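Enquirer: One structure, as structure tokens, below. Some questions next.
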There are 2 protein chains.
Amino acid sequence: MEDIEKILSFMVEVEKLKNVHRKTKPVGLDRFENSAEHSWHVCLSALMLKDQADEDIDILRVLKMLLIHDLGEIDAGDTIIYASETIELKNKEADGVKRILGFLPDHMQDQFMQLWFEFESGETADSRFAKAIDRIPPLFHNIHGDGHSWKAFNVSQEKVLSVNQRIELGSKKLWKVIKAKLSKAADDGLLK
Amino acid sequence: MEDIEKILSFMVEVEKLKNVHRKTKPVGLDRFENSAEHSWHVCLSALMLKDQADEDIDILRVLKMLLIHDLGEIDAGDTIIYASETIELKNKEADGVKRILGFLPDHMQDQFMQLWFEFESGETADSRFAKAIDRIPPLFHNIHGDGHSWKAFNVSQEKVLSVNQRIELGSKKLWKVIKAKLSKAADDGLLK
């Protein structure tokens, strides 16, 4: 099959990400978010926040990571960040990404698999920033949505702060602002 | 307000794109697509198809355009491509984009407004390619979904071919493959 046909079949396969449901609801909407619209949201957010990164980042690499970061959920499903990340689950996601990238021409697969692992590891400037951005929208969903997923999963303020402190690894300024909003949410009774 | 606060308020405002419904259903799903998940899909598609562009393109600029191309629909709503594009509607979209970009710091607004106009005009290599990619997913939704929006809006094969021929302006190879798929869809009775 030619490259174009392979890439078009990949485009059809990834439609399935529109049917993976996350644990928070978009601001103003009474339904759970799906991982495809979430992926758009974090890409646009990363683009607009790129100058807030503490380190030099390559925004194109960050966008590539964020465009593919959730593809593994098509096979593995979405898990709330406050649940323990097991090795089994991470392996299932990696296998899922590999299967889906397998629709692409051979010569294109490796670079995106490597980018996915880089994002997961969070050990480079680009992936630290991408992971920081990925954490922000669910916090806003709760702050503007009566703390719905915090309450549903009985997540404590301490846990929210400790898990999301990774935002600081991408941008200290951003974490400072977000942390203040989380304190206010706790004062307002959204978070215990 | 500092830049970060402004950009975070922009992030909350653009959530509304997740509630703008398009006229086609994602492959395999019995619901209409929203413009946020569509925006992710075309970004990922553009990234994977970039080597199929006929002209030299800057993929980062293409992604920026596609990330923001539908923001005007938050105020103006989505219109099917086969409807006439009126000047009134385009002005309403432009006003909508301007309003939403207005949440950003002043120094960031112009570059994105210019990119939006560049996309709309389709007169540069980057925008020709971005517009070509934007046309593909709704065709697949129909091809893999019993021609649902073609039938609902009584769109003829001639109209589908003439409106989507703009794909050729971004990539002749891509249009050749897509055109063959549209012929097959017509042979299969999905398109009259």
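Residues in the structure tokens are numbered from 1 in each chain, the chains being A, B, ... in the order shown, and ligands are numbered from 1 in the order shown.
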I need the chain A residues near chain B as number ranges by chain; criterion: at most 9 Å, counting only C-alpha atoms.

Expert: A: 4-5, 7-8, 10-16, 18-19, 26-29, 33-45, 47-49, 52, 59-60, 63-64, 67-68, 104, 108, 137, 140-141, 144, 173-174, 177

Enquirer: If we count only C-alpha atoms and set the cut-off at 12 Å, which residues sit around Asp75 in chain B, ignoring sequence neighbours fewer than 6 positions away in its own chain? Please answer as number ranges by chain.

Expert: B: 13-14, 16-17, 19-20, 89-100

Enquirer: Of the candidates B:Ile80, B:Ile143, B:Ala132, B:Leu115, which one gets nearest to Lys181 in chain B if we count only C-alpha atoms?

Expert: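 Smallest separation from Lys181 in chain B among the options: B:Ile143.
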
Enquirer: Taking only C-alpha atoms into account, name the residue in A:Arg31, A:Lys151, A:Arg22, A:His107 that is nearest to Leu191 in chain A.

Expert: A:Lys151

Enquirer: Tell me, in Å to one decimal, how far CA of Val62 in chain B is from CA of Asp58 in chain A.

Expert: 15.7 Å

Enquirer: Using only C-alpha atoms, determine which residues lie at most 9 Å from Ala185 in chain B, disregarding the query and same-chain residues fewer than 5 positions distant; provide the list as an NGL selection string.

Expert: :B and (142-143 or 146-147 or 180 or 190-191)

Enquirer: Determine which residues of range 75-115 of chain B DSSP labels as alpha helix (DSSP H) from the backbone of this structure, then write them out as a list in words.

Expert: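 Reading the DSSP output for range 75-115 of chain B, alpha helix (DSSP H) covers Asp75, Ala76, Ile87, Glu88, Leu89, Lys90, Asn91, Lys92, Glu93, Ala94, Asp95, Gly96, Val97, Lys98, Arg99, Ile100, Leu101, Asp106, His107, Met108, Gln109, Asp110, Gln111, Phe112, Met113, Gln114 and Leu115 of chain B.
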
Enquirer: Residues as selected, N, CA and C atoms, written as a CSV table (one decimal), in the first residue's frame, can you do that?

Expert:
```
chain,number,residue,atom,x,y,z
B,75,ASP,N,-18.8,31.8,18.3
B,75,ASP,CA,-19.9,32.8,18.2
B,75,ASP,C,-20.8,32.6,16.9
B,76,ALA,N,-20.2,32.1,15.8
B,76,ALA,CA,-20.9,32.1,14.6
B,76,ALA,C,-21.6,30.7,14.3
B,87,ILE,N,-20.8,36.7,3.0
B,87,ILE,CA,-19.9,37.7,3.6
B,87,ILE,C,-20.3,38.0,5.1
B,88,GLU,N,-21.6,38.0,5.3
B,88,GLU,CA,-22.1,38.2,6.7
B,88,GLU,C,-21.5,37.2,7.6
B,89,LEU,N,-21.6,35.9,7.2
B,89,LEU,CA,-21.2,34.8,8.0
B,89,LEU,C,-19.7,34.9,8.3
B,90,LYS,N,-18.9,35.2,7.2
B,90,LYS,CA,-17.5,35.3,7.4
B,90,LYS,C,-17.1,36.5,8.3
B,91,ASN,N,-17.8,37.5,8.2
B,91,ASN,CA,-17.6,38.7,9.1
B,91,ASN,C,-17.9,38.3,10.5
B,92,LYS,N,-18.9,37.5,10.7
B,92,LYS,CA,-19.3,37.1,12.1
B,92,LYS,C,-18.2,36.2,12.7
B,93,GLU,N,-17.7,35.3,11.8
B,93,GLU,CA,-16.6,34.5,12.3
B,93,GLU,C,-15.4,35.3,12.6
B,94,ALA,N,-15.0,36.2,11.8
B,94,ALA,CA,-13.9,37.1,12.0
B,94,ALA,C,-14.0,37.8,13.3
B,95,ASP,N,-15.2,38.4,13.5
B,95,ASP,CA,-15.5,39.1,14.8
B,95,ASP,C,-15.4,38.2,16.0
B,96,GLY,N,-15.8,36.9,15.8
B,96,GLY,CA,-15.7,35.9,16.9
B,96,GLY,C,-14.3,35.6,17.2
B,97,VAL,N,-13.5,35.4,16.2
B,97,VAL,CA,-12.1,35.1,16.4
B,97,VAL,C,-11.4,36.3,17.2
B,98,LYS,N,-11.7,37.5,16.7
B,98,LYS,CA,-11.2,38.7,17.3
B,98,LYS,C,-11.6,38.8,18.8
B,99,ARG,N,-12.8,38.5,19.1
B,99,ARG,CA,-13.3,38.5,20.5
B,99,ARG,C,-12.5,37.5,21.3
B,100,ILE,N,-12.4,36.3,20.8
B,100,ILE,CA,-11.7,35.3,21.6
B,100,ILE,C,-10.2,35.5,21.8
B,101,LEU,N,-9.6,36.0,20.7
B,101,LEU,CA,-8.2,36.3,20.8
B,101,LEU,C,-8.0,37.5,21.8
B,106,ASP,N,-2.3,41.7,24.8
B,106,ASP,CA,-2.3,42.5,23.6
B,106,ASP,C,-1.2,42.0,22.6
B,107,HIS,N,0.0,41.8,23.1
B,107,HIS,CA,1.1,41.6,22.1
B,107,HIS,C,1.0,40.2,21.4
B,108,MET,N,0.1,39.4,21.8
B,108,MET,CA,-0.1,38.1,21.2
B,108,MET,C,-1.2,38.0,20.2
B,109,GLN,N,-2.1,39.0,20.2
B,109,GLN,CA,-3.3,38.9,19.4
B,109,GLN,C,-3.1,39.0,17.9
B,110,ASP,N,-2.3,39.9,17.5
B,110,ASP,CA,-2.3,40.2,16.0
B,110,ASP,C,-1.8,39.0,15.2
B,111,GLN,N,-0.7,38.4,15.7
B,111,GLN,CA,-0.1,37.3,14.9
B,111,GLN,C,-1.1,36.2,14.6
B,112,PHE,N,-2.0,35.9,15.6
B,112,PHE,CA,-3.0,34.8,15.4
B,112,PHE,C,-4.2,35.3,14.6
B,113,MET,N,-4.5,36.5,14.7
B,113,MET,CA,-5.6,37.1,13.8
B,113,MET,C,-5.1,37.0,12.4
B,114,GLN,N,-3.8,37.4,12.2
B,114,GLN,CA,-3.3,37.3,10.8
B,114,GLN,C,-3.3,35.9,10.3
B,115,LEU,N,-2.9,35.0,11.1
B,115,LEU,CA,-2.9,33.6,10.7
B,115,LEU,C,-4.3,33.1,10.3
```
